[in-house]
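Content type JSON, C-alpha atoms, from the file final.json:
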[["chain", "number", "residue", "atom", "x", "y", "z"],
["A", 1, "MET", "CA", -27.22, -44.78, 37.58],
["A", 2, "SER", "CA", -26.38, -41.38, 38.94],
["A", 3, "GLY", "CA", -28.32, -38.17, 39.22],
["A", 4, "LYS", "CA", -25.23, -36.05, 38.67],
["A", 5, "ILE", "CA", -25.77, -33.26, 36.12],
["A", 6, "PHE", "CA", -22.84, -31.73, 34.25],
["A", 7, "PRO", "CA", -23.87, -28.32, 32.88],
["A", 8, "THR", "CA", -20.94, -28.20, 30.42],
["A", 9, "ALA", "CA", -18.71, -30.65, 28.61],
["A", 10, "GLN", "CA", -15.80, -29.26, 30.64],
["A", 11, "ASP", "CA", -17.63, -30.16, 33.87],
["A", 12, "ALA", "CA", -18.02, -33.70, 32.57],
["A", 13, "GLU", "CA", -14.34, -33.81, 31.63],
["A", 14, "ASN", "CA", -13.27, -32.57, 35.05],
["A", 15, "ALA", "CA", -15.39, -35.27, 36.72],
["A", 16, "PHE", "CA", -13.98, -37.90, 34.35],
["A", 17, "TYR", "CA", -10.38, -37.13, 35.28],
["A", 18, "GLU", "CA", -11.13, -36.76, 38.99],
["A", 19, "ALA", "CA", -12.72, -40.22, 38.91],
["A", 20, "LEU", "CA", -9.77, -41.59, 36.92],
["A", 21, "GLU", "CA", -7.23, -40.24, 39.40],
["A", 22, "ARG", "CA", -9.21, -41.47, 42.42],
["A", 23, "CYS", "CA", -10.10, -44.85, 40.87],
["A", 24, "ASP", "CA", -13.72, -44.02, 41.63],
["A", 25, "LEU", "CA", -15.82, -46.40, 39.53],
["A", 26, "GLU", "CA", -19.21, -44.89, 40.35],
["A", 27, "GLY", "CA", -17.88, -41.39, 39.74],
["A", 28, "MET", "CA", -16.45, -42.57, 36.43],
["A", 29, "MET", "CA", -19.65, -44.24, 35.24],
["A", 30, "ALA", "CA", -21.71, -41.18, 36.25],
["A", 31, "VAL", "CA", -19.86, -39.31, 33.49],
["A", 32, "TRP", "CA", -20.71, -41.75, 30.70],
["A", 33, "ALA", "CA", -23.91, -41.48, 28.68],
["A", 34, "GLU", "CA", -26.36, -44.31, 29.28],
["A", 35, "ASP", "CA", -26.19, -45.32, 25.66],
["A", 36, "GLU", "CA", -25.29, -48.56, 23.94],
["A", 37, "ASP", "CA", -23.22, -46.61, 21.42],
["A", 38, "VAL", "CA", -20.63, -45.33, 23.90],
["A", 39, "VAL", "CA", -17.11, -46.19, 22.74],
["A", 40, "CYS", "CA", -13.99, -46.52, 24.90],
["A", 41, "VAL", "CA", -10.46, -47.31, 23.70],
["A", 42, "HIS", "CA", -7.83, -47.61, 26.44],
["A", 43, "PRO", "CA", -4.13, -47.14, 25.56],
["A", 44, "ALA", "CA", -3.02, -50.07, 23.35],
["A", 45, "GLY", "CA", -6.44, -51.65, 23.82],
["A", 46, "GLY", "CA", -9.32, -52.73, 21.63],
["A", 47, "ARG", "CA", -12.62, -50.95, 21.16],
["A", 48, "LEU", "CA", -15.16, -51.38, 23.94],
["A", 49, "SER", "CA", -18.83, -50.59, 23.31],
["A", 50, "GLY", "CA", -21.74, -50.08, 25.65],
["A", 51, "GLN", "CA", -22.02, -49.36, 29.36],
["A", 52, "ASP", "CA", -21.29, -52.93, 30.47],
["A", 53, "GLU", "CA", -17.98, -53.32, 28.64],
["A", 54, "VAL", "CA", -16.90, -49.82, 29.60],
["A", 55, "ARG", "CA", -17.72, -50.34, 33.30],
["A", 56, "GLU", "CA", -15.95, -53.70, 33.38],
["A", 57, "SER", "CA", -12.80, -52.20, 31.88],
["A", 58, "TRP", "CA", -12.64, -49.35, 34.39],
["A", 59, "ALA", "CA", -13.32, -51.76, 37.25],
["A", 60, "LYS", "CA", -10.21, -53.73, 36.20],
["A", 61, "ILE", "CA", -8.10, -50.59, 35.80],
["A", 62, "PHE", "CA", -9.23, -49.28, 39.20],
["A", 63, "ALA", "CA", -8.78, -52.60, 41.03],
["A", 64, "GLY", "CA", -5.37, -51.67, 42.41],
["A", 65, "GLY", "CA", -6.62, -48.41, 43.88],
["A", 66, "PRO", "CA", -5.30, -44.89, 43.36],
["A", 67, "ARG", "CA", -1.62, -44.74, 42.54],
["A", 68, "ALA", "CA", -0.80, -42.17, 39.89],
["A", 69, "GLN", "CA", -1.29, -38.44, 39.93],
["A", 70, "LEU", "CA", -2.73, -37.01, 36.78],
["A", 71, "ARG", "CA", -2.18, -33.69, 35.03],
["A", 72, "ILE", "CA", -4.25, -32.73, 31.97],
["A", 73, "GLU", "CA", -2.55, -30.43, 29.46],
["A", 74, "GLN", "CA", -2.65, -28.91, 26.01],
["A", 75, "GLN", "CA", -6.40, -29.14, 25.57],
["A", 76, "VAL", "CA", -7.86, -28.42, 22.16],
["A", 77, "ALA", "CA", -11.65, -28.06, 22.44],
["A", 78, "ILE", "CA", -14.32, -27.77, 19.77],
["A", 79, "SER", "CA", -17.90, -27.34, 20.93],
["A", 80, "GLY", "CA", -21.21, -27.54, 19.14],
["A", 81, "MET", "CA", -24.76, -27.40, 20.47],
["A", 82, "MET", "CA", -25.02, -31.13, 21.05],
["A", 83, "LEU", "CA", -21.47, -32.44, 20.80],
["A", 84, "ALA", "CA", -18.12, -31.31, 22.16],
["A", 85, "VAL", "CA", -14.72, -32.76, 21.31],
["A", 86, "HIS", "CA", -11.65, -32.34, 23.50],
["A", 87, "SER", "CA", -8.13, -33.48, 22.65],
["A", 88, "VAL", "CA", -5.83, -33.58, 25.68],
["A", 89, "PHE", "CA", -2.60, -35.00, 27.00],
["A", 90, "GLU", "CA", -2.92, -37.12, 30.15],
["A", 91, "ASN", "CA", 0.33, -36.94, 32.12],
["A", 92, "PHE", "CA", 0.57, -39.56, 34.85],
["A", 93, "THR", "CA", 3.11, -39.26, 37.66],
["A", 94, "LEU", "CA", 3.95, -42.14, 39.96],
["A", 95, "PRO", "CA", 4.84, -40.81, 43.42],
["A", 96, "GLY", "CA", 8.08, -42.32, 44.68],
["A", 97, "GLU", "CA", 9.41, -42.74, 41.15],
["A", 98, "PRO", "CA", 11.72, -39.78, 40.83],
["A", 99, "ARG", "CA", 13.49, -40.82, 37.66],
["A", 100, "ALA", "CA", 11.81, -39.40, 34.59],
["A", 101, "GLU", "CA", 12.37, -42.59, 32.64],
["A", 102, "ALA", "CA", 10.44, -44.55, 35.28],
["A", 103, "GLN", "CA", 7.33, -42.47, 34.68],
["A", 104, "PRO", "CA", 4.62, -43.63, 32.30],
["A", 105, "VAL", "CA", 4.60, -42.02, 28.88],
["A", 106, "PRO", "CA", 1.94, -39.37, 28.31],
["A", 107, "VAL", "CA", -1.36, -40.47, 26.84],
["A", 108, "ILE", "CA", -3.20, -38.65, 24.04],
["A", 109, "ALA", "CA", -6.96, -38.71, 24.54],
["A", 110, "THR", "CA", -9.83, -37.71, 22.29],
["A", 111, "ASN", "CA", -12.92, -37.20, 24.43],
["A", 112, "VAL", "CA", -16.38, -36.65, 22.96],
["A", 113, "TYR", "CA", -19.29, -35.35, 25.02],
["A", 114, "LEU", "CA", -22.98, -35.37, 24.17],
["A", 115, "ARG", "CA", -25.61, -33.04, 25.56],
["A", 116, "THR", "CA", -28.30, -35.31, 26.94],
["A", 117, "ALA", "CA", -31.49, -34.68, 28.90],
["A", 118, "ALA", "CA", -29.32, -35.30, 32.00],
["A", 119, "GLY", "CA", -26.60, -32.78, 31.08],
["A", 120, "TRP", "CA", -23.35, -33.38, 29.23],
["A", 121, "ARG", "CA", -22.04, -36.94, 29.22],
["A", 122, "MET", "CA", -19.08, -38.72, 27.68],
["A", 123, "ILE", "CA", -19.80, -40.87, 24.65],
["A", 124, "VAL", "CA", -16.29, -41.51, 23.30],
["A", 125, "HIS", "CA", -12.93, -41.82, 25.06],
["A", 126, "HIS", "CA", -10.10, -42.82, 22.73],
["A", 127, "ALA", "CA", -6.69, -42.94, 24.40],
["A", 128, "SER", "CA", -3.30, -43.99, 23.03],
["A", 129, "PRO", "CA", 0.29, -43.75, 24.27],
["A", 130, "ALA", "CA", 2.31, -40.82, 22.94],
["A", 131, "PRO", "CA", 5.83, -42.24, 22.60],
["A", 132, "GLY", "CA", 8.52, -39.64, 22.25],
["A", 133, "GLN", "CA", 6.00, -36.84, 22.55],
["A", 134, "PRO", "CA", 7.81, -33.66, 23.54],
["A", 135, "GLN", "CA", 6.66, -32.23, 26.84],
["A", 136, "ALA", "CA", 5.67, -28.94, 25.30],
["A", 137, "ALA", "CA", 4.53, -25.99, 27.30],
["A", 138, "PRO", "CA", 0.82, -26.08, 28.03],
["A", 139, "ARG", "CA", -1.21, -24.82, 25.09],
["A", 140, "ASP", "CA", -4.57, -24.11, 26.62],
["A", 141, "THR", "CA", -6.32, -22.17, 23.94],
["A", 142, "GLY", "CA", -9.85, -21.20, 24.79],
["A", 143, "PRO", "CA", -12.54, -23.53, 23.54],
["A", 144, "LYS", "CA", -13.90, -22.92, 20.06],
["A", 145, "ILE", "CA", -17.63, -22.36, 20.34],
["A", 146, "LEU", "CA", -19.62, -23.06, 17.20],
["A", 147, "HIS", "CA", -22.94, -21.65, 18.29],
["B", 148, "MET", "CA", -6.64, -25.51, -1.21],
["B", 149, "SER", "CA", -9.48, -27.40, -2.83],
["B", 150, "GLY", "CA", -12.97, -26.41, -3.86],
["B", 151, "LYS", "CA", -14.37, -29.84, -3.06],
["B", 152, "ILE", "CA", -17.62, -29.69, -1.07],
["B", 153, "PHE", "CA", -18.74, -32.62, 1.06],
["B", 154, "PRO", "CA", -22.48, -32.31, 1.75],
["B", 155, "THR", "CA", -22.36, -34.79, 4.65],
["B", 156, "ALA", "CA", -19.82, -36.06, 7.16],
["B", 157, "GLN", "CA", -20.12, -39.47, 5.49],
["B", 158, "ASP", "CA", -19.12, -37.95, 2.15],
["B", 159, "ALA", "CA", -16.05, -36.48, 3.83],
["B", 160, "GLU", "CA", -15.25, -39.85, 5.41],
["B", 161, "ASN", "CA", -15.60, -41.67, 2.10],
["B", 162, "ALA", "CA", -13.21, -39.18, 0.48],
["B", 163, "PHE", "CA", -10.79, -39.53, 3.40],
["B", 164, "TYR", "CA", -10.53, -43.29, 3.03],
["B", 165, "GLU", "CA", -10.39, -43.18, -0.78],
["B", 166, "ALA", "CA", -7.47, -40.77, -0.50],
["B", 167, "LEU", "CA", -5.82, -42.96, 2.15],
["B", 168, "GLU", "CA", -6.10, -46.10, 0.01],
["B", 169, "ARG", "CA", -4.84, -44.30, -3.11],
["B", 170, "CYS", "CA", -2.09, -42.38, -1.30],
["B", 171, "ASP", "CA", -3.59, -39.22, -2.80],
["B", 172, "LEU", "CA", -2.16, -36.32, -0.80],
["B", 173, "GLU", "CA", -4.24, -33.58, -2.42],
["B", 174, "GLY", "CA", -7.39, -35.65, -2.06],
["B", 175, "MET", "CA", -6.51, -36.25, 1.59],
["B", 176, "MET", "CA", -5.86, -32.61, 2.39],
["B", 177, "ALA", "CA", -9.09, -31.55, 0.63],
["B", 178, "VAL", "CA", -10.93, -33.43, 3.38],
["B", 179, "TRP", "CA", -9.28, -31.59, 6.28],
["B", 180, "ALA", "CA", -10.62, -28.34, 7.65],
["B", 181, "GLU", "CA", -8.40, -25.34, 7.02],
["B", 182, "ASP", "CA", -8.04, -24.74, 10.72],
["B", 183, "GLU", "CA", -5.04, -24.53, 13.00],
["B", 184, "ASP", "CA", -6.86, -26.67, 15.56],
["B", 185, "VAL", "CA", -7.06, -29.81, 13.42],
["B", 186, "VAL", "CA", -5.62, -32.80, 15.29],
["B", 187, "CYS", "CA", -4.20, -36.00, 13.81],
["B", 188, "VAL", "CA", -2.85, -39.01, 15.70],
["B", 189, "HIS", "CA", -1.47, -41.83, 13.54],
["B", 190, "PRO", "CA", -1.23, -45.36, 15.00],
["B", 191, "ALA", "CA", 1.43, -45.38, 17.75],
["B", 192, "GLY", "CA", 2.25, -41.77, 16.91],
["B", 193, "GLY", "CA", 2.22, -38.43, 18.67],
["B", 194, "ARG", "CA", -0.32, -35.65, 18.29],
["B", 195, "LEU", "CA", 0.01, -33.50, 15.21],
["B", 196, "SER", "CA", -1.71, -30.12, 15.05],
["B", 197, "GLY", "CA", -2.46, -27.79, 12.19],
["B", 198, "GLN", "CA", -2.56, -28.22, 8.42],
["B", 199, "ASP", "CA", 1.23, -28.16, 7.95],
["B", 200, "GLU", "CA", 2.04, -30.98, 10.39],
["B", 201, "VAL", "CA", -0.89, -33.04, 9.16],
["B", 202, "ARG", "CA", 0.07, -32.62, 5.48],
["B", 203, "GLU", "CA", 3.70, -33.46, 6.17],
["B", 204, "SER", "CA", 2.73, -36.66, 7.98],
["B", 205, "TRP", "CA", 0.49, -37.88, 5.19],
["B", 206, "ALA", "CA", 3.15, -37.02, 2.60],
["B", 207, "LYS", "CA", 5.56, -39.34, 4.44],
["B", 208, "ILE", "CA", 2.97, -42.10, 4.77],
["B", 209, "PHE", "CA", 2.05, -41.83, 1.08],
["B", 210, "ALA", "CA", 5.66, -41.67, -0.15],
["B", 211, "GLY", "CA", 5.81, -45.36, -1.02],
["B", 212, "GLY", "CA", 2.66, -45.20, -3.11],
["B", 213, "PRO", "CA", -0.51, -47.29, -2.86],
["B", 214, "ARG", "CA", 0.06, -50.74, -1.41],
["B", 215, "ALA", "CA", -2.68, -51.81, 0.96],
["B", 216, "GLN", "CA", -6.35, -52.30, 0.31],
["B", 217, "LEU", "CA", -8.63, -50.85, 2.93],
["B", 218, "ARG", "CA", -11.99, -51.99, 4.27],
["B", 219, "ILE", "CA", -13.90, -49.83, 6.75],
["B", 220, "GLU", "CA", -16.17, -51.71, 9.17],
["B", 221, "GLN", "CA", -18.25, -51.50, 12.32],
["B", 222, "GLN", "CA", -18.97, -47.80, 12.09],
["B", 223, "VAL", "CA", -20.60, -46.12, 15.06],
["B", 224, "ALA", "CA", -21.78, -42.63, 14.05],
["B", 225, "ILE", "CA", -23.12, -39.78, 16.14],
["B", 226, "SER", "CA", -24.17, -36.63, 14.31],
["B", 227, "GLY", "CA", -25.05, -33.15, 15.49],
["B", 228, "MET", "CA", -25.78, -29.97, 13.54],
["B", 229, "MET", "CA", -22.15, -28.86, 13.46],
["B", 230, "LEU", "CA", -20.12, -31.87, 14.52],
["B", 231, "ALA", "CA", -20.21, -35.55, 13.64],
["B", 232, "VAL", "CA", -18.18, -38.31, 15.26],
["B", 233, "HIS", "CA", -17.49, -41.66, 13.62],
["B", 234, "SER", "CA", -15.74, -44.63, 15.23],
["B", 235, "VAL", "CA", -14.57, -47.22, 12.70],
["B", 236, "PHE", "CA", -12.23, -50.13, 12.18],
["B", 237, "GLU", "CA", -9.73, -49.72, 9.35],
["B", 238, "ASN", "CA", -8.80, -53.15, 8.00],
["B", 239, "PHE", "CA", -5.76, -53.10, 5.74],
["B", 240, "THR", "CA", -4.97, -55.99, 3.40],
["B", 241, "LEU", "CA", -1.60, -56.36, 1.71],
["B", 242, "PRO", "CA", -2.06, -58.03, -1.68],
["B", 243, "GLY", "CA", 0.33, -60.94, -2.11],
["B", 244, "GLU", "CA", 0.39, -61.63, 1.64],
["B", 245, "PRO", "CA", -2.01, -64.53, 1.94],
["B", 246, "ARG", "CA", -1.19, -65.51, 5.51],
["B", 247, "ALA", "CA", -3.47, -63.82, 7.98],
["B", 248, "GLU", "CA", -0.61, -63.29, 10.43],
["B", 249, "ALA", "CA", 1.31, -61.34, 7.78],
["B", 250, "GLN", "CA", -1.48, -58.79, 7.52],
["B", 251, "PRO", "CA", -1.40, -55.57, 9.53],
["B", 252, "VAL", "CA", -3.56, -55.49, 12.62],
["B", 253, "PRO", "CA", -6.80, -53.53, 12.33],
["B", 254, "VAL", "CA", -6.76, -49.90, 13.32],
["B", 255, "ILE", "CA", -9.41, -48.21, 15.47],
["B", 256, "ALA", "CA", -10.13, -44.67, 14.32],
["B", 257, "THR", "CA", -12.14, -41.87, 15.87],
["B", 258, "ASN", "CA", -12.96, -39.34, 13.16],
["B", 259, "VAL", "CA", -14.54, -35.97, 13.90],
["B", 260, "TYR", "CA", -16.09, -33.80, 11.20],
["B", 261, "LEU", "CA", -17.07, -30.15, 11.37],
["B", 262, "ARG", "CA", -19.67, -28.43, 9.21],
["B", 263, "THR", "CA", -17.86, -25.46, 7.69],
["B", 264, "ALA", "CA", -18.84, -22.84, 5.14],
["B", 265, "ALA", "CA", -17.22, -25.19, 2.61],
["B", 266, "GLY", "CA", -19.18, -28.30, 3.63],
["B", 267, "TRP", "CA", -18.17, -31.02, 6.10],
["B", 268, "ARG", "CA", -14.47, -31.35, 6.83],
["B", 269, "MET", "CA", -12.36, -33.51, 9.10],
["B", 270, "ILE", "CA", -11.00, -31.84, 12.23],
["B", 271, "VAL", "CA", -9.82, -34.85, 14.25],
["B", 272, "HIS", "CA", -8.43, -38.23, 13.18],
["B", 273, "HIS", "CA", -7.23, -40.36, 16.10],
["B", 274, "ALA", "CA", -6.04, -43.82, 15.10],
["B", 275, "SER", "CA", -4.51, -46.62, 17.18],
["B", 276, "PRO", "CA", -3.69, -50.28, 16.56],
["B", 277, "ALA", "CA", -6.25, -52.79, 17.83],
["B", 278, "PRO", "CA", -4.13, -55.75, 18.96],
["B", 279, "GLY", "CA", -6.07, -58.94, 19.46],
["B", 280, "GLN", "CA", -9.28, -57.26, 18.35],
["B", 281, "PRO", "CA", -11.75, -59.95, 17.32],
["B", 282, "GLN", "CA", -12.80, -59.72, 13.69],
["B", 283, "ALA", "CA", -16.46, -59.38, 14.57],
["B", 284, "ALA", "CA", -19.20, -59.29, 12.02],
["B", 285, "PRO", "CA", -19.83, -55.81, 10.67],
["B", 286, "ARG", "CA", -21.99, -53.77, 13.00],
["B", 287, "ASP", "CA", -23.18, -50.98, 10.80],
["B", 288, "THR", "CA", -25.90, -49.41, 12.85],
["B", 289, "GLY", "CA", -27.50, -46.41, 11.26],
["B", 290, "PRO", "CA", -26.11, -43.06, 12.28],
["B", 291, "LYS", "CA", -27.61, -41.42, 15.33],
["B", 292, "ILE", "CA", -28.97, -38.05, 14.30],
["B", 293, "LEU", "CA", -29.32, -35.54, 17.11],
["B", 294, "HIS", "CA", -31.25, -32.89, 15.26]]
Would you put the structure from the file into structure tokens?
Amino acid sequence: MSGKIFPTAQDAENAFYEALERCDLEGMMAVWAEDEDVVCVHPAGGRLSGQDEVRESWAKIFAGGPRAQLRIEQQVAISGMMLAVHSVFENFTLPGEPRAEAQPVPVIATNVYLRTAAGWRMIVHHASPAPGQPQAAPRDTGPKILH
Amino acid sequence: MSGKIFPTAQDAENAFYEALERCDLEGMMAVWAEDEDVVCVHPAGGRLSGQDEVRESWAKIFAGGPRAQLRIEQQVAISGMMLAVHSVFENFTLPGEPRAEAQPVPVIATNVYLRTAAGWRMIVHHASPAPGQPQAAPRDTGPKILH
């Protein structure tokens, strides 16, 4: 797939959201573990399992090309030796849509990363719309390291 | 809070779903880590953080008392030394509602457990409705142990 190595879960997360914003399918799939047990739930979607289903879903999402700008906020991070879990808000902004009510609602994402022989990779992305979620000030606490 | 000790993440998950089915608030909160960073997302809901918000939300959900029966299926489990991640389908059945279309849609849940000094506890529960999700045969692969 890709020889890209992510030394930390945060590096993998940064690459994930860069690929999402750019609609970069290869960049996106380079973040995912090559594992049949990967799980991806898009907002209001079903559960996708395995590289093939995950790739196909991102290919559809990316088909229209880059459109929205993305801001990640309010991360809560819990990190172990082999697994790291991040909870974040994904805030999408559509350029040329000045009215707040025309903007997409924020998305809550739970991202799980696994330390593999090829660095940290994503194994779970579970996203759901956050209706009526207050746009709180960023709460970027430092990650909680368990080891 | 509670002196209950869960020797494994699966024990904590079993207690979580028993408490959910029984609308047992104390049983539910005994599963959660006593940590301000706990995160809970109910289906179609916002992100709740900390014991107080999580307890309050379950108290509201449980207010009507037990009603639905719950079947957990298609678990995908990934376990490290300190963290374990389970992806499951929660299938609720309302007794006295024989028509399939009258039943609630399944819920996809990502559950994260942390090994604490007081055994395994839940730190993240992210649930979202799974519209149109096929009722596949159970896929209970064994847990993936990383250590």
Could you give me chain A least-squares fitted onto chain B (all C-alpha atoms, paired in order), as a compact mmCIF listing (two decimals) with C-alpha atoms, in the frame of the given file?
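What landed in result_33.txt:
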# COMPACT_ATOMS: atom_id res chain seq x y z
CA MET A 1 -6.67 -25.56 -1.16
CA SER A 2 -9.50 -27.42 -2.80
CA GLY A 3 -12.96 -26.42 -3.86
CA LYS A 4 -14.38 -29.84 -3.06
CA ILE A 5 -17.62 -29.68 -1.06
CA PHE A 6 -18.75 -32.61 1.08
CA PRO A 7 -22.49 -32.31 1.76
CA THR A 8 -22.36 -34.80 4.67
CA ALA A 9 -19.83 -36.05 7.17
CA GLN A 10 -20.13 -39.48 5.52
CA ASP A 11 -19.12 -37.95 2.17
CA ALA A 12 -16.05 -36.49 3.85
CA GLU A 13 -15.27 -39.85 5.44
CA ASN A 14 -15.60 -41.67 2.13
CA ALA A 15 -13.21 -39.18 0.49
CA PHE A 16 -10.79 -39.53 3.41
CA TYR A 17 -10.53 -43.30 3.04
CA GLU A 18 -10.41 -43.19 -0.76
CA ALA A 19 -7.47 -40.78 -0.49
CA LEU A 20 -5.84 -42.97 2.16
CA GLU A 21 -6.11 -46.09 0.02
CA ARG A 22 -4.85 -44.31 -3.11
CA CYS A 23 -2.09 -42.38 -1.30
CA ASP A 24 -3.59 -39.23 -2.80
CA LEU A 25 -2.16 -36.32 -0.80
CA GLU A 26 -4.24 -33.58 -2.42
CA GLY A 27 -7.39 -35.66 -2.06
CA MET A 28 -6.52 -36.26 1.58
CA MET A 29 -5.87 -32.61 2.40
CA ALA A 30 -9.09 -31.56 0.62
CA VAL A 31 -10.94 -33.42 3.39
CA TRP A 32 -9.29 -31.60 6.29
CA ALA A 33 -10.64 -28.32 7.65
CA GLU A 34 -8.39 -25.34 7.01
CA ASP A 35 -8.02 -24.74 10.71
CA GLU A 36 -5.02 -24.53 12.99
CA ASP A 37 -6.86 -26.66 15.55
CA VAL A 38 -7.05 -29.81 13.42
CA VAL A 39 -5.62 -32.80 15.30
CA CYS A 40 -4.21 -36.00 13.79
CA VAL A 41 -2.85 -39.01 15.70
CA HIS A 42 -1.48 -41.83 13.54
CA PRO A 43 -1.23 -45.37 15.00
CA ALA A 44 1.44 -45.37 17.75
CA GLY A 45 2.25 -41.76 16.90
CA GLY A 46 2.23 -38.42 18.66
CA ARG A 47 -0.31 -35.66 18.29
CA LEU A 48 0.01 -33.50 15.18
CA SER A 49 -1.70 -30.11 15.03
CA GLY A 50 -2.45 -27.78 12.16
CA GLN A 51 -2.55 -28.21 8.40
CA ASP A 52 1.23 -28.16 7.94
CA GLU A 53 2.04 -30.97 10.37
CA VAL A 54 -0.89 -33.03 9.15
CA ARG A 55 0.07 -32.63 5.46
CA GLU A 56 3.71 -33.47 6.16
CA SER A 57 2.73 -36.66 7.98
CA TRP A 58 0.49 -37.89 5.18
CA ALA A 59 3.14 -37.03 2.60
CA LYS A 60 5.56 -39.35 4.45
CA ILE A 61 2.96 -42.12 4.78
CA PHE A 62 2.05 -41.84 1.09
CA ALA A 63 5.66 -41.68 -0.16
CA GLY A 64 5.79 -45.38 -1.02
CA GLY A 65 2.64 -45.22 -3.12
CA PRO A 66 -0.51 -47.31 -2.86
CA ARG A 67 0.04 -50.75 -1.43
CA ALA A 68 -2.70 -51.82 0.95
CA GLN A 69 -6.37 -52.31 0.31
CA LEU A 70 -8.63 -50.86 2.93
CA ARG A 71 -11.99 -51.99 4.28
CA ILE A 72 -13.92 -49.83 6.76
CA GLU A 73 -16.18 -51.69 9.20
CA GLN A 74 -18.26 -51.50 12.33
CA GLN A 75 -18.98 -47.79 12.12
CA VAL A 76 -20.61 -46.10 15.08
CA ALA A 77 -21.77 -42.61 14.08
CA ILE A 78 -23.13 -39.75 16.17
CA SER A 79 -24.16 -36.60 14.34
CA GLY A 80 -25.05 -33.13 15.52
CA MET A 81 -25.76 -29.96 13.57
CA MET A 82 -22.15 -28.84 13.47
CA LEU A 83 -20.13 -31.86 14.53
CA ALA A 84 -20.20 -35.55 13.65
CA VAL A 85 -18.18 -38.31 15.28
CA HIS A 86 -17.49 -41.66 13.64
CA SER A 87 -15.74 -44.62 15.25
CA VAL A 88 -14.58 -47.22 12.72
CA PHE A 89 -12.25 -50.13 12.21
CA GLU A 90 -9.74 -49.72 9.37
CA ASN A 91 -8.81 -53.15 8.01
CA PHE A 92 -5.77 -53.09 5.75
CA THR A 93 -4.98 -55.99 3.43
CA LEU A 94 -1.62 -56.38 1.73
CA PRO A 95 -2.08 -58.06 -1.67
CA GLY A 96 0.33 -60.95 -2.11
CA GLU A 97 0.42 -61.62 1.63
CA PRO A 98 -1.94 -64.54 1.95
CA ARG A 99 -1.10 -65.53 5.49
CA ALA A 100 -3.39 -63.85 7.99
CA GLU A 101 -0.55 -63.30 10.43
CA ALA A 102 1.35 -61.32 7.78
CA GLN A 103 -1.46 -58.80 7.52
CA PRO A 104 -1.39 -55.57 9.52
CA VAL A 105 -3.54 -55.49 12.62
CA PRO A 106 -6.79 -53.54 12.34
CA VAL A 107 -6.75 -49.90 13.33
CA ILE A 108 -9.41 -48.21 15.48
CA ALA A 109 -10.13 -44.67 14.33
CA THR A 110 -12.14 -41.86 15.88
CA ASN A 111 -12.96 -39.34 13.17
CA VAL A 112 -14.55 -35.96 13.91
CA TYR A 113 -16.09 -33.80 11.20
CA LEU A 114 -17.07 -30.14 11.37
CA ARG A 115 -19.66 -28.42 9.23
CA THR A 116 -17.86 -25.46 7.72
CA ALA A 117 -18.85 -22.84 5.15
CA ALA A 118 -17.21 -25.19 2.60
CA GLY A 119 -19.16 -28.31 3.64
CA TRP A 120 -18.17 -31.00 6.10
CA ARG A 121 -14.46 -31.35 6.84
CA MET A 122 -12.35 -33.51 9.11
CA ILE A 123 -10.99 -31.85 12.23
CA VAL A 124 -9.81 -34.85 14.26
CA HIS A 125 -8.43 -38.23 13.18
CA HIS A 126 -7.24 -40.36 16.10
CA ALA A 127 -6.05 -43.83 15.10
CA SER A 128 -4.50 -46.61 17.18
CA PRO A 129 -3.69 -50.28 16.58
CA ALA A 130 -6.26 -52.77 17.84
CA PRO A 131 -4.16 -55.73 18.99
CA GLY A 132 -6.09 -58.92 19.46
CA GLN A 133 -9.30 -57.27 18.33
CA PRO A 134 -11.75 -59.95 17.26
CA GLN A 135 -12.80 -59.67 13.64
CA ALA A 136 -16.45 -59.35 14.51
CA ALA A 137 -19.18 -59.29 11.96
CA PRO A 138 -19.82 -55.82 10.60
CA ARG A 139 -22.01 -53.79 12.93
CA ASP A 140 -23.19 -50.97 10.74
CA THR A 141 -25.92 -49.42 12.77
CA GLY A 142 -27.51 -46.41 11.18
CA PRO A 143 -26.12 -43.07 12.23
CA LYS A 144 -27.63 -41.43 15.30
CA ILE A 145 -28.97 -38.05 14.28
CA LEU A 146 -29.31 -35.53 17.08
CA HIS A 147 -31.23 -32.86 15.23
Please tabulate, as CSV, the residues of range 53-114 of chain A that come within 12 Å of range 211-226 of chain B, each with its closest pair of atoms and the distance in Å to one decimal, counting all atoms listed in the file and ordering rows by chain, then residue number upward.
residue,atom,partner,partner_atom,distance
A:Gly80,CA,B:Ser226,CA,10.7
A:Met81,CA,B:Ser226,CA,11.1
A:Met82,CA,B:Ser226,CA,8.7
A:Leu83,CA,B:Ser226,CA,8.2
A:Ala84,CA,B:Ser226,CA,11.2
A:Val112,CA,B:Ile225,CA,10.1
A:Tyr113,CA,B:Ile225,CA,10.6
A:Leu114,CA,B:Ile225,CA,9.2
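Among the candidate residues B:Ala159, B:Met175, B:Leu241, B:Ala180, the one lying nearest to Ser204 in chain B is B:Met175, with distances computed using only C-alpha atoms.
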Open item on the list: What's the separation between CA of Val124 in chain A and CA of Leu167 in chain B, in Å to one decimal place?
Closed with: 23.6 Å
TODO: Report the distance between CA of Arg268 in chain B and CA of Phe236 in chain B in Å, rounded to one decimal place.
DONE: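 Spanning CA of Arg268 in chain B to CA of Phe236 in chain B is a straight-line distance of 19.7 Å.
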Open item on the list: One number please: CA of Asp182 in chain B to CA of Val31 in chain A, in Å, one decimal.
Closed with: 29.5 Å
TODO: Using only C-alpha atoms, find which residues of chain B lie within 8 Å of chain A and jot them down as number ranges by chain.
DONE: B: 184, 186, 191-194, 223, 227-231, 234, 255, 257, 273, 275-280, 293
Task: Residues near Leu172 in chain B, cut-off 10 Å, all atoms listed in the file, skip fewer than 6 positions along chain, as a list in words - done: Ala166, Arg202, Glu203, Trp205, Ala206, Lys207, Ile208, Phe209 and Ala210 of chain B
TODO: Identify which of the residues B:Glu200, B:Cys170, B:Glu165, B:Met176 lies closest to Lys151 in chain B, counting all atoms listed in the file when measuring atom-to-atom distances.
DONE: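 Comparing B:Glu200, B:Cys170, B:Glu165, B:Met176 against Lys151 in chain B, the winner is B:Met176.
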